[in-house]
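Dumped structure.tsv below, it's TSV, C-alpha atoms:
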chain	number	residue	atom	x	y	z
Z	1	MET	CA	0.00	0.00	0.00
Z	2	LYS	CA	1.26	3.47	-0.91
Z	3	ILE	CA	-0.14	6.64	0.67
Z	4	ALA	CA	1.02	9.96	-0.75
Z	5	ILE	CA	0.94	13.38	0.88
Z	6	ASP	CA	1.19	16.83	-0.68
Z	7	ILE	CA	4.09	18.35	1.24
Z	8	MET	CA	3.46	21.86	-0.13
Z	9	GLY	CA	-0.18	22.19	1.02
Z	10	GLY	CA	-1.52	24.05	4.04
Z	11	ASP	CA	-0.62	27.12	6.07
Z	12	PHE	CA	2.37	25.51	7.79
Z	13	ALA	CA	3.93	23.71	4.85
Z	14	PRO	CA	6.34	22.08	4.47
Z	15	GLU	CA	7.34	21.59	8.13
Z	16	ALA	CA	3.95	20.44	9.47
Z	17	ASN	CA	3.49	17.95	6.63
Z	18	VAL	CA	6.98	16.49	6.96
Z	19	SER	CA	6.61	16.32	10.75
Z	20	GLY	CA	3.30	14.50	10.40
Z	21	ALA	CA	4.78	12.08	7.88
Z	22	ILE	CA	7.68	11.28	10.24
Z	23	GLU	CA	5.27	10.54	13.10
Z	24	ALA	CA	2.94	8.53	10.87
Z	25	ARG	CA	5.87	6.43	9.68
Z	26	LYS	CA	6.42	5.36	13.31
Z	27	GLU	CA	2.78	4.38	13.74
Z	28	LEU	CA	1.78	2.79	10.45
Z	29	PRO	CA	2.75	-0.80	9.57
Z	30	SER	CA	5.82	-1.44	7.46
Z	31	GLU	CA	3.80	-2.61	4.44
Z	32	CYS	CA	2.44	0.94	4.14
Z	33	THR	CA	4.78	3.18	2.15
Z	34	ILE	CA	4.49	6.94	2.63
Z	35	VAL	CA	5.21	8.99	-0.48
Z	36	LEU	CA	6.23	12.64	-0.10
Z	37	ILE	CA	5.34	14.88	-3.06
Z	38	GLY	CA	6.80	18.38	-3.28
Z	39	ASP	CA	9.75	20.67	-3.80
Z	40	LYS	CA	13.11	18.89	-3.42
Z	41	ASP	CA	14.79	21.46	-1.18
Z	42	SER	CA	11.69	21.93	0.98
Z	43	ILE	CA	11.40	18.22	1.64
Z	44	HIS	CA	15.06	17.51	2.35
Z	45	ASN	CA	15.62	20.65	4.44
Z	46	SER	CA	12.58	19.83	6.59
Z	47	LEU	CA	13.66	16.22	6.99
Z	48	GLN	CA	17.08	17.37	8.13
Z	49	GLU	CA	15.67	19.92	10.60
Z	50	LEU	CA	13.27	17.34	12.06
Z	51	ASN	CA	15.80	14.50	12.16
Z	52	GLY	CA	13.87	12.51	9.60
Z	53	ASP	CA	15.47	9.86	7.41
Z	54	PRO	CA	14.81	10.24	3.64
Z	55	ASN	CA	15.19	6.47	3.32
Z	56	ASP	CA	11.98	6.02	5.31
Z	57	PHE	CA	9.97	7.48	2.43
Z	58	GLU	CA	9.51	7.49	-1.30
Z	59	ILE	CA	9.95	11.03	-2.62
Z	60	VAL	CA	8.49	12.58	-5.77
Z	61	TYR	CA	9.84	16.00	-6.71
Z	62	THR	CA	7.79	18.86	-8.13
Z	63	THR	CA	8.56	22.42	-9.23
Z	64	GLU	CA	5.20	24.18	-8.81
Z	65	VAL	CA	2.94	24.96	-5.86
Z	66	VAL	CA	-0.84	25.37	-5.75
Z	67	THR	CA	-1.70	28.31	-3.49
Z	68	MET	CA	-4.96	29.04	-1.70
Z	69	SER	CA	-5.64	31.86	-4.19
Z	70	ASP	CA	-5.33	29.69	-7.30
Z	71	HIS	CA	-8.53	29.02	-9.22
Z	72	PRO	CA	-9.40	25.37	-8.46
Z	73	ALA	CA	-10.65	24.38	-11.91
Z	74	ARG	CA	-7.63	25.92	-13.69
Z	75	VAL	CA	-4.95	24.30	-11.56
Z	76	ILE	CA	-4.98	21.01	-13.47
Z	77	GLY	CA	-4.00	22.68	-16.74
Z	78	GLN	CA	-1.97	25.62	-15.47
Z	79	LYS	CA	0.24	23.88	-12.89
Z	80	PRO	CA	0.89	20.34	-14.16
Z	81	ASP	CA	4.08	19.95	-12.10
Z	82	SER	CA	2.51	21.01	-8.80
Z	83	SER	CA	2.31	18.60	-5.88
Z	84	ILE	CA	-1.51	18.45	-6.06
Z	85	VAL	CA	-1.71	17.73	-9.79
Z	86	LYS	CA	1.13	15.23	-9.70
Z	87	GLY	CA	-0.51	13.48	-6.77
Z	88	PHE	CA	-3.73	13.05	-8.72
Z	89	LYS	CA	-1.86	11.80	-11.78
Z	90	LEU	CA	-0.08	9.17	-9.68
Z	91	LEU	CA	-3.41	8.15	-8.13
Z	92	ALA	CA	-5.11	7.90	-11.53
Z	93	ALA	CA	-2.22	5.75	-12.81
Z	94	LYS	CA	-2.60	3.51	-9.71
Z	95	GLU	CA	1.00	4.18	-8.71
Z	96	ILE	CA	-0.32	5.20	-5.27
Z	97	ASP	CA	-3.41	4.00	-3.39
Z	98	CYS	CA	-4.39	7.20	-1.58
Z	99	PHE	CA	-3.59	10.91	-1.90
Z	100	ALA	CA	-3.86	13.34	1.02
Z	101	SER	CA	-3.43	17.11	1.22
Z	102	THR	CA	-4.08	20.05	3.53
Z	103	GLY	CA	-3.85	22.41	0.57
Z	104	ASN	CA	-6.41	24.16	-1.63
Z	105	THR	CA	-9.71	22.34	-0.95
Z	106	GLY	CA	-11.28	23.53	-4.19
Z	107	ALA	CA	-8.33	22.18	-6.17
Z	108	MET	CA	-8.58	18.85	-4.34
Z	109	LEU	CA	-12.27	18.60	-5.20
Z	110	ALA	CA	-11.64	19.63	-8.80
Z	111	GLY	CA	-8.82	17.11	-9.17
Z	112	SER	CA	-10.98	14.38	-7.69
Z	113	MET	CA	-13.73	14.99	-10.21
Z	114	LEU	CA	-11.65	15.88	-13.29
Z	115	VAL	CA	-8.77	13.42	-12.92
Z	116	ILE	CA	-10.09	10.59	-10.73
Z	117	ASN	CA	-13.74	10.99	-11.75
Z	118	THR	CA	-16.99	10.35	-9.93
Z	119	ILE	CA	-18.19	6.77	-9.50
Z	120	PRO	CA	-20.85	6.12	-12.18
Z	121	GLY	CA	-24.25	6.64	-10.62
Z	122	VAL	CA	-23.06	9.06	-7.94
Z	123	ILE	CA	-24.63	12.46	-8.58
Z	124	ARG	CA	-22.39	14.52	-6.29
Z	125	PRO	CA	-19.31	13.49	-4.27
Z	126	CYS	CA	-19.29	14.86	-0.73
Z	127	ILE	CA	-17.14	15.35	2.36
Z	128	THR	CA	-17.95	14.44	5.94
Z	129	SER	CA	-17.26	15.41	9.53
Z	130	SER	CA	-16.96	13.09	12.51
Z	131	ILE	CA	-18.75	14.45	15.59
Z	132	PRO	CA	-17.73	12.99	19.01
Z	133	ARG	CA	-20.40	11.67	21.36
Z	134	PRO	CA	-20.21	11.36	25.15
Z	135	ASP	CA	-20.39	7.54	24.85
Z	136	GLY	CA	-17.06	7.46	23.00
Z	137	LYS	CA	-18.51	6.83	19.55
Z	138	HIS	CA	-18.76	9.32	16.68
Z	139	ASN	CA	-21.66	10.56	14.58
Z	140	LEU	CA	-21.13	11.31	10.91
Z	141	VAL	CA	-22.44	14.51	9.33
Z	142	LEU	CA	-22.52	14.90	5.54
Z	143	ASP	CA	-22.22	16.94	3.44
Z	144	VAL	CA	-20.14	19.57	5.27
Z	145	GLY	CA	-19.18	21.96	2.50
Z	146	SER	CA	-18.68	20.55	-0.98
Z	147	ASN	CA	-22.33	20.94	-2.10
Z	148	ALA	CA	-23.96	24.10	-0.79
Z	149	ASP	CA	-27.14	23.51	-2.80
Z	150	CYS	CA	-28.65	20.05	-3.12
Z	151	LYS	CA	-31.67	18.26	-4.53
Z	152	PRO	CA	-33.59	15.51	-2.70
Z	153	ASP	CA	-32.00	12.66	-4.67
Z	154	VAL	CA	-28.54	14.00	-3.78
Z	155	LEU	CA	-29.40	13.89	-0.07
Z	156	TYR	CA	-30.65	10.34	-0.55
Z	157	GLN	CA	-27.28	9.35	-1.99
Z	158	PHE	CA	-25.47	11.11	0.86
Z	159	ALA	CA	-27.37	8.76	3.17
Z	160	ILE	CA	-26.07	5.76	1.22
Z	161	LEU	CA	-22.51	7.09	1.28
Z	162	GLY	CA	-22.68	7.92	4.98
Z	163	ASN	CA	-24.13	4.52	5.77
Z	164	ILE	CA	-21.21	2.62	4.22
Z	165	TYR	CA	-18.60	4.97	5.73
Z	166	SER	CA	-20.15	4.60	9.17
Z	167	LYS	CA	-20.00	0.82	8.86
Z	168	LEU	CA	-16.44	0.53	7.52
Z	169	ILE	CA	-14.66	3.35	9.36
Z	170	LEU	CA	-16.73	4.18	12.45
Z	171	GLY	CA	-17.67	0.61	13.32
Z	172	PHE	CA	-21.49	0.67	13.31
Z	173	ASP	CA	-23.21	-2.57	12.28
Z	174	ASN	CA	-26.49	-0.96	11.23
Z	175	PRO	CA	-26.13	2.85	11.45
Z	176	LYS	CA	-29.20	4.91	12.27
Z	177	VAL	CA	-29.54	7.44	9.45
Z	178	GLY	CA	-31.37	10.70	10.10
Z	179	LEU	CA	-32.23	13.78	8.04
Z	180	LEU	CA	-31.31	17.09	9.68
Z	181	ASN	CA	-34.41	19.24	10.04
Z	182	ILE	CA	-36.07	21.88	12.20
Z	183	GLY	CA	-38.51	19.36	13.66
Z	184	GLU	CA	-38.96	15.62	14.03
Z	185	GLU	CA	-42.34	15.49	12.27
Z	186	GLU	CA	-42.03	14.41	8.63
Z	187	GLU	CA	-44.03	17.38	7.34
Z	188	LYS	CA	-41.57	19.86	8.93
Z	189	GLY	CA	-38.82	21.71	7.07
Z	190	ASN	CA	-38.36	23.34	3.69
Z	191	LEU	CA	-39.16	21.90	0.28
Z	192	LEU	CA	-35.78	20.14	0.14
Z	193	THR	CA	-36.09	18.28	3.44
Z	194	GLN	CA	-39.78	17.46	2.92
Z	195	SER	CA	-39.03	15.92	-0.47
Z	196	ALA	CA	-35.92	14.14	0.77
Z	197	HIS	CA	-37.88	12.64	3.67
Z	198	LYS	CA	-40.38	11.15	1.22
Z	199	LEU	CA	-37.54	9.50	-0.70
Z	200	MET	CA	-35.80	8.17	2.42
Z	201	LYS	CA	-38.90	6.93	4.22
Z	202	GLY	CA	-39.13	3.15	3.89
Z	203	SER	CA	-35.76	2.87	2.12
Z	204	THR	CA	-34.05	-0.52	2.10
Z	205	ASP	CA	-30.66	1.06	1.29
Z	206	PHE	CA	-30.14	2.25	4.85
Z	207	ASN	CA	-31.78	2.33	8.28
Z	208	PHE	CA	-33.70	5.62	8.09
Z	209	ILE	CA	-35.08	6.82	11.43
Z	210	GLY	CA	-36.62	10.11	10.25
Z	211	ASN	CA	-35.86	13.75	10.95
Z	212	VAL	CA	-33.21	14.82	13.45
Z	213	GLU	CA	-33.14	18.21	15.16
Z	214	SER	CA	-29.73	19.85	15.53
Z	215	ARG	CA	-29.83	19.54	19.33
Z	216	TYR	CA	-29.34	15.78	18.89
Z	217	ILE	CA	-26.24	15.85	16.67
Z	218	PHE	CA	-23.96	15.16	19.65
Z	219	GLU	CA	-26.06	12.27	21.00
Z	220	ASP	CA	-26.80	8.70	19.96
Z	221	PHE	CA	-30.14	9.65	18.40
Z	222	ALA	CA	-28.72	9.13	14.89
Z	223	ASP	CA	-25.33	7.76	13.80
Z	224	VAL	CA	-25.41	9.37	10.34
Z	225	ILE	CA	-26.89	12.86	9.89
Z	226	VAL	CA	-27.64	13.98	6.35
Z	227	CYS	CA	-27.87	17.62	5.22
Z	228	ASP	CA	-26.84	19.94	2.41
Z	229	GLY	CA	-23.26	21.25	2.39
Z	230	PHE	CA	-24.22	24.78	3.42
Z	231	THR	CA	-25.96	23.60	6.57
Z	232	GLY	CA	-23.29	21.01	7.34
Z	233	ASN	CA	-20.49	23.53	7.06
Z	234	VAL	CA	-22.29	25.88	9.47
Z	235	ILE	CA	-22.55	23.01	11.98
Z	236	LEU	CA	-18.86	22.13	11.55
Z	237	LYS	CA	-17.65	25.71	12.00
Z	238	GLU	CA	-19.94	26.22	14.99
Z	239	ALA	CA	-18.47	23.12	16.68
Z	240	GLU	CA	-14.94	24.43	15.99
Z	241	GLY	CA	-15.88	27.81	17.44
Z	242	LEU	CA	-17.36	26.20	20.55
Z	243	TYR	CA	-14.16	24.23	21.10
Z	244	LYS	CA	-12.04	27.39	20.77
Z	245	LEU	CA	-14.29	29.23	23.25
Z	246	ILE	CA	-14.02	26.40	25.78
Z	247	LYS	CA	-10.21	26.34	25.50
Z	248	LYS	CA	-10.03	30.15	25.71
Z	249	ARG	CA	-11.94	30.03	29.00
Z	250	GLY	CA	-9.45	27.53	30.39
Z	251	ILE	CA	-11.94	24.70	30.68
Z	252	GLU	CA	-10.40	21.22	30.58
Z	253	ASP	CA	-12.89	18.48	29.85
Z	254	GLU	CA	-12.22	15.01	28.45
Z	255	TYR	CA	-15.26	15.09	26.19
Z	256	PHE	CA	-14.81	18.59	24.79
Z	257	ASN	CA	-11.14	17.88	24.11
Z	258	LYS	CA	-12.35	15.39	21.50
Z	259	PHE	CA	-13.50	18.33	19.38
Z	260	ASN	CA	-9.88	19.23	18.62
Z	261	TYR	CA	-9.63	18.86	14.83
Z	262	GLU	CA	-6.06	17.59	15.21
Z	263	ASN	CA	-7.42	14.27	16.47
Z	264	TYR	CA	-9.13	13.53	13.15
Z	265	GLY	CA	-6.74	14.98	10.60
Z	266	GLY	CA	-9.04	15.06	7.61
Z	267	THR	CA	-11.96	13.61	5.72
Z	268	PRO	CA	-12.28	11.44	2.62
Z	269	ILE	CA	-14.10	12.58	-0.49
Z	270	LEU	CA	-16.92	10.06	-0.84
Z	271	GLY	CA	-18.20	8.98	-4.23
Z	272	ILE	CA	-15.06	9.11	-6.39
Z	273	ASN	CA	-13.07	6.31	-8.03
Z	274	SER	CA	-10.19	6.26	-5.55
Z	275	ASN	CA	-9.08	7.40	-2.11
Z	276	VAL	CA	-8.58	11.15	-1.57
Z	277	ILE	CA	-8.29	12.74	1.87
Z	278	ILE	CA	-8.66	16.48	2.55
Z	279	GLY	CA	-7.11	17.99	5.68
Z	280	HIS	CA	-7.64	21.33	7.43
Z	281	GLY	CA	-5.52	24.18	6.01
Z	282	ILE	CA	-4.21	25.06	9.48
Z	283	SER	CA	-3.13	21.49	10.19
Z	284	SER	CA	-0.27	20.93	12.63
Z	285	GLY	CA	2.10	17.99	12.51
Z	286	LYS	CA	-0.24	16.03	14.81
Z	287	ALA	CA	-3.19	16.67	12.50
Z	288	VAL	CA	-1.18	15.61	9.45
Z	289	LYS	CA	-0.10	12.42	11.22
Z	290	ASN	CA	-3.74	11.57	11.95
Z	291	MET	CA	-4.70	12.43	8.37
Z	292	LEU	CA	-2.22	9.81	7.16
Z	293	VAL	CA	-3.51	7.28	9.70
Z	294	LEU	CA	-7.04	7.91	8.39
Z	295	SER	CA	-5.71	7.50	4.84
Z	296	TYR	CA	-4.39	4.08	5.80
Z	297	GLU	CA	-7.71	3.03	7.39
Z	298	VAL	CA	-9.74	4.22	4.40
Z	299	THR	CA	-7.43	2.42	1.97
Z	300	LYS	CA	-7.21	-0.78	4.03
Z	301	ASN	CA	-11.01	-0.98	4.23
Z	302	GLU	CA	-11.33	-0.42	0.46
Z	303	LEU	CA	-13.86	2.35	1.04
Z	304	SER	CA	-14.04	3.63	-2.54
Z	305	ASN	CA	-14.38	0.10	-3.94
Z	306	LYS	CA	-17.15	-0.76	-1.49
Z	307	ILE	CA	-19.04	2.38	-2.48
Z	308	LYS	CA	-18.48	1.57	-6.15
Z	309	GLU	CA	-20.05	-1.87	-5.66
Z	310	LEU	CA	-23.26	-0.21	-4.50
Z	311	PHE	CA	-23.62	1.97	-7.59
Z	312	ILE	CA	-22.33	-0.12	-10.47
Full structure transcribed into structure tokens:
Amino acid sequence: MKIAIDIMGGDFAPEANVSGAIEARKELPSECTIVLIGDKDSIHNSLQELNGDPNDFEIVYTTEVVTMSDHPARVIGQKPDSSIVKGFKLLAAKEIDCFASTGNTGAMLAGSMLVINTIPGVIRPCITSSIPRPDGKHNLVLDVGSNADCKPDVLYQFAILGNIYSKLILGFDNPKVGLLNIGEEEEKGNLLTQSAHKLMKGSTDFNFIGNVESRYIFEDFADVIVCDGFTGNVILKEAEGLYKLIKKRGIEDEYFNKFNYENYGGTPILGINSNVIIGHGISSGKAVKNMLVLSYEVTKNELSNKIKELFI
């Protein structure tokens, strides 16, 4: 198995990415090869500063960098020797099994759809967020930002994608799937949620339990919570803001500490033909290490292939 990381992505590149790769190398099994993609001097200088051994990794050199200000859809053609584009080309050629980056999210989404391509039958790929619960398990919310506007059939597919992810990665045997809404009654909500509820009700593709109010997203009411990307991103950012507020007030709590994004590292793009992981742009070395650990788990469990089996 080969997992590649974009060394040039994120606010603290290349040091945070190299640091995370060094720590991940200590944790991941020997059959997992970590591939570093990026500028030659940046990689080797960071390895030297962090006491990393170049022989522990495969290294692919690039000469261009995708910045946060680059237009996502133009990156593929305009910066062919960038770490992001080269990573996608290696993934498409099956020379690596997973590609991870904390860089330009739009470029990662564009590369996933233009180079790797969407699984036939999937209307819209999506990204997820794992929400900690007091019982030690995690709820899955999707979409959390890649599809601000959705139609009912897209939400239905998000439920299918979330169901398989929850089984393979989060360990639920028969996840309870809920639709985020402003009330539990099926007639509540806007036209989108009312129509989506009609599609989901009685589905045999997943265990649909009905509408879920936002006050239950941290509890065991539903294991998978489906919503459009606009709503999901608001939830995600609100949770991040709450965590920052708690830390700013000097409150130490075992449960709330689980909201630290560094513990999760990133999220896979669901619904594409291979394994792509997106990390937070402000990722530290710890977050990058956990992103690579997640990359290993997603690849080992053949997540993209299992999703493909459901749609082809």
Please, what distance in Å, to one decimal, runs between CA of Gly178 in chain Z and CA of Lys308 in chain Z? 22.7 Å
I'd like the neighbourhood of Val144 in chain Z as a PDB file with C-alpha atoms, in the frame of the given file, where a residue qualifies if any of its atoms comes within 10 Å (using all atoms listed in the file), though same-chain residues fewer than 4 positions away should be ignored.
ATOM      1  CA  CYS Z 126     -19.290  14.860  -0.730  1.00  0.00           C
ATOM      2  CA  ILE Z 127     -17.140  15.350   2.360  1.00  0.00           C
ATOM      3  CA  THR Z 128     -17.950  14.440   5.940  1.00  0.00           C
ATOM      4  CA  SER Z 129     -17.260  15.410   9.530  1.00  0.00           C
ATOM      5  CA  ALA Z 148     -23.960  24.100  -0.790  1.00  0.00           C
ATOM      6  CA  VAL Z 226     -27.640  13.980   6.350  1.00  0.00           C
ATOM      7  CA  CYS Z 227     -27.870  17.620   5.220  1.00  0.00           C
ATOM      8  CA  ASP Z 228     -26.840  19.940   2.410  1.00  0.00           C
ATOM      9  CA  GLY Z 229     -23.260  21.250   2.390  1.00  0.00           C
ATOM     10  CA  PHE Z 230     -24.220  24.780   3.420  1.00  0.00           C
ATOM     11  CA  THR Z 231     -25.960  23.600   6.570  1.00  0.00           C
ATOM     12  CA  GLY Z 232     -23.290  21.010   7.340  1.00  0.00           C
ATOM     13  CA  ASN Z 233     -20.490  23.530   7.060  1.00  0.00           C
ATOM     14  CA  VAL Z 234     -22.290  25.880   9.470  1.00  0.00           C
ATOM     15  CA  ILE Z 235     -22.550  23.010  11.980  1.00  0.00           C
ATOM     16  CA  LEU Z 236     -18.860  22.130  11.550  1.00  0.00           C
ATOM     17  CA  LYS Z 237     -17.650  25.710  12.000  1.00  0.00           C
TER      18      LYS Z 237
END
Skipping near chain neighbours, those fewer than 6 positions away, what residues fall within 9 Å of Leu292 in chain Z using only C-alpha atoms, listed as a ChimeraX atom specification? /Z:3-5,20-21,24,28,34,100,265-266,277
One decimal, Å: what's the distance from CA of Ser166 in chain Z over to CA of Lys258 in chain Z, could you say?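 Value for the CA of Ser166 in chain Z-CA of Lys258 in chain Z distance: 18.1 Å.
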Looking at all atoms listed in the file, which of Z:Val141, Z:Leu179, Z:Val288, Z:Ala16 is the one that sits closest to Val212 in chain Z?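 The answer is Z:Leu179, which sits nearest to Val212 in chain Z.
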Contacts of Gly103 in chain Z at 9 Å or less, counting only C-alpha atoms, minus same-chain residues fewer than 2 places along, as a ChimeraX atom specification? /Z:6-11,13,66-68,84,101,105-108,278-281
Take the residues from that selection and write them out as a PDB file, in the frame of the given file, keeping C-alpha atoms.
ATOM      1  CA  ASP Z   6       1.190  16.830  -0.680  1.00  0.00           C
ATOM      2  CA  ILE Z   7       4.090  18.350   1.240  1.00  0.00           C
ATOM      3  CA  MET Z   8       3.460  21.860  -0.130  1.00  0.00           C
ATOM      4  CA  GLY Z   9      -0.180  22.190   1.020  1.00  0.00           C
ATOM      5  CA  GLY Z  10      -1.520  24.050   4.040  1.00  0.00           C
ATOM      6  CA  ASP Z  11      -0.620  27.120   6.070  1.00  0.00           C
ATOM      7  CA  ALA Z  13       3.930  23.710   4.850  1.00  0.00           C
ATOM      8  CA  VAL Z  66      -0.840  25.370  -5.750  1.00  0.00           C
ATOM      9  CA  THR Z  67      -1.700  28.310  -3.490  1.00  0.00           C
ATOM     10  CA  MET Z  68      -4.960  29.040  -1.700  1.00  0.00           C
ATOM     11  CA  ILE Z  84      -1.510  18.450  -6.060  1.00  0.00           C
ATOM     12  CA  SER Z 101      -3.430  17.110   1.220  1.00  0.00           C
ATOM     13  CA  THR Z 105      -9.710  22.340  -0.950  1.00  0.00           C
ATOM     14  CA  GLY Z 106     -11.280  23.530  -4.190  1.00  0.00           C
ATOM     15  CA  ALA Z 107      -8.330  22.180  -6.170  1.00  0.00           C
ATOM     16  CA  MET Z 108      -8.580  18.850  -4.340  1.00  0.00           C
ATOM     17  CA  ILE Z 278      -8.660  16.480   2.550  1.00  0.00           C
ATOM     18  CA  GLY Z 279      -7.110  17.990   5.680  1.00  0.00           C
ATOM     19  CA  HIS Z 280      -7.640  21.330   7.430  1.00  0.00           C
ATOM     20  CA  GLY Z 281      -5.520  24.180   6.010  1.00  0.00           C
TER      21      GLY Z 281
END
Between CA of Gly145 in chain Z and CA of Ala110 in chain Z, measure the distance and give it in Å to one decimal. 13.8 Å
Edge lengths and centre, in Å to one decimal, as AutoDock Vina command-line options: that's what I need for the box along x, y and z that holds all listed atoms of range 190-205 of chain Z plus 3 Å on each side.
--center_x -35.5 --center_y 11.4 --center_z 1.8 --size_x 15.7 --size_y 29.9 --size_z 10.9
Taking only C-alpha atoms into account, name the residue in Z:His138, Z:Lys94, Z:His71, Z:His44 that is nearest to Asp220 in chain Z.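 Closest candidate: Z:His138.
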What's around Leu245 in chain Z at 12 Å? Count only C-alpha atoms, leave out sequence neighbours fewer than 6 positions away in its own chain, and write the answer as an NGL selection string. :Z and (238-239 or 251-252 or 256-257 or 259-260)
Which residue of Z:Ile209, Z:Ala159, Z:Leu294, Z:Leu168 approaches Glu185 in chain Z most closely, using all atoms listed in the file: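 Under the stated criterion, the closest residue is Z:Ile209.
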Write out as an NGL selection string each polymer residue whose atoms come within 10 Å of Leu170 in chain Z, counting all atoms listed in the file; drop sequence neighbours fewer than 3 positions from it. :Z and (130 or 137-140 or 163-167 or 173 or 175 or 223)
Find, counting all atoms listed in the file, the residue in Z:Thr193, Z:Glu23, Z:Lys176, Z:Ile246 that gets nearest to Phe221 in chain Z.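 Among Z:Thr193, Z:Glu23, Z:Lys176, Z:Ile246, it is Z:Lys176 that comes nearest to Phe221 in chain Z.
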Distance criterion (all atoms listed in the file): nearest to Arg74 in chain Z out of Z:Tyr156, Z:Asp39, Z:Ser203, Z:Gly111: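 Under the stated criterion, the closest residue is Z:Gly111.
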Of the residues Z:Ile307, Z:Ile37, Z:Leu155, Z:Leu180, which is the one nearest to Pro120 in chain Z, using all atoms listed in the file? Z:Ile307
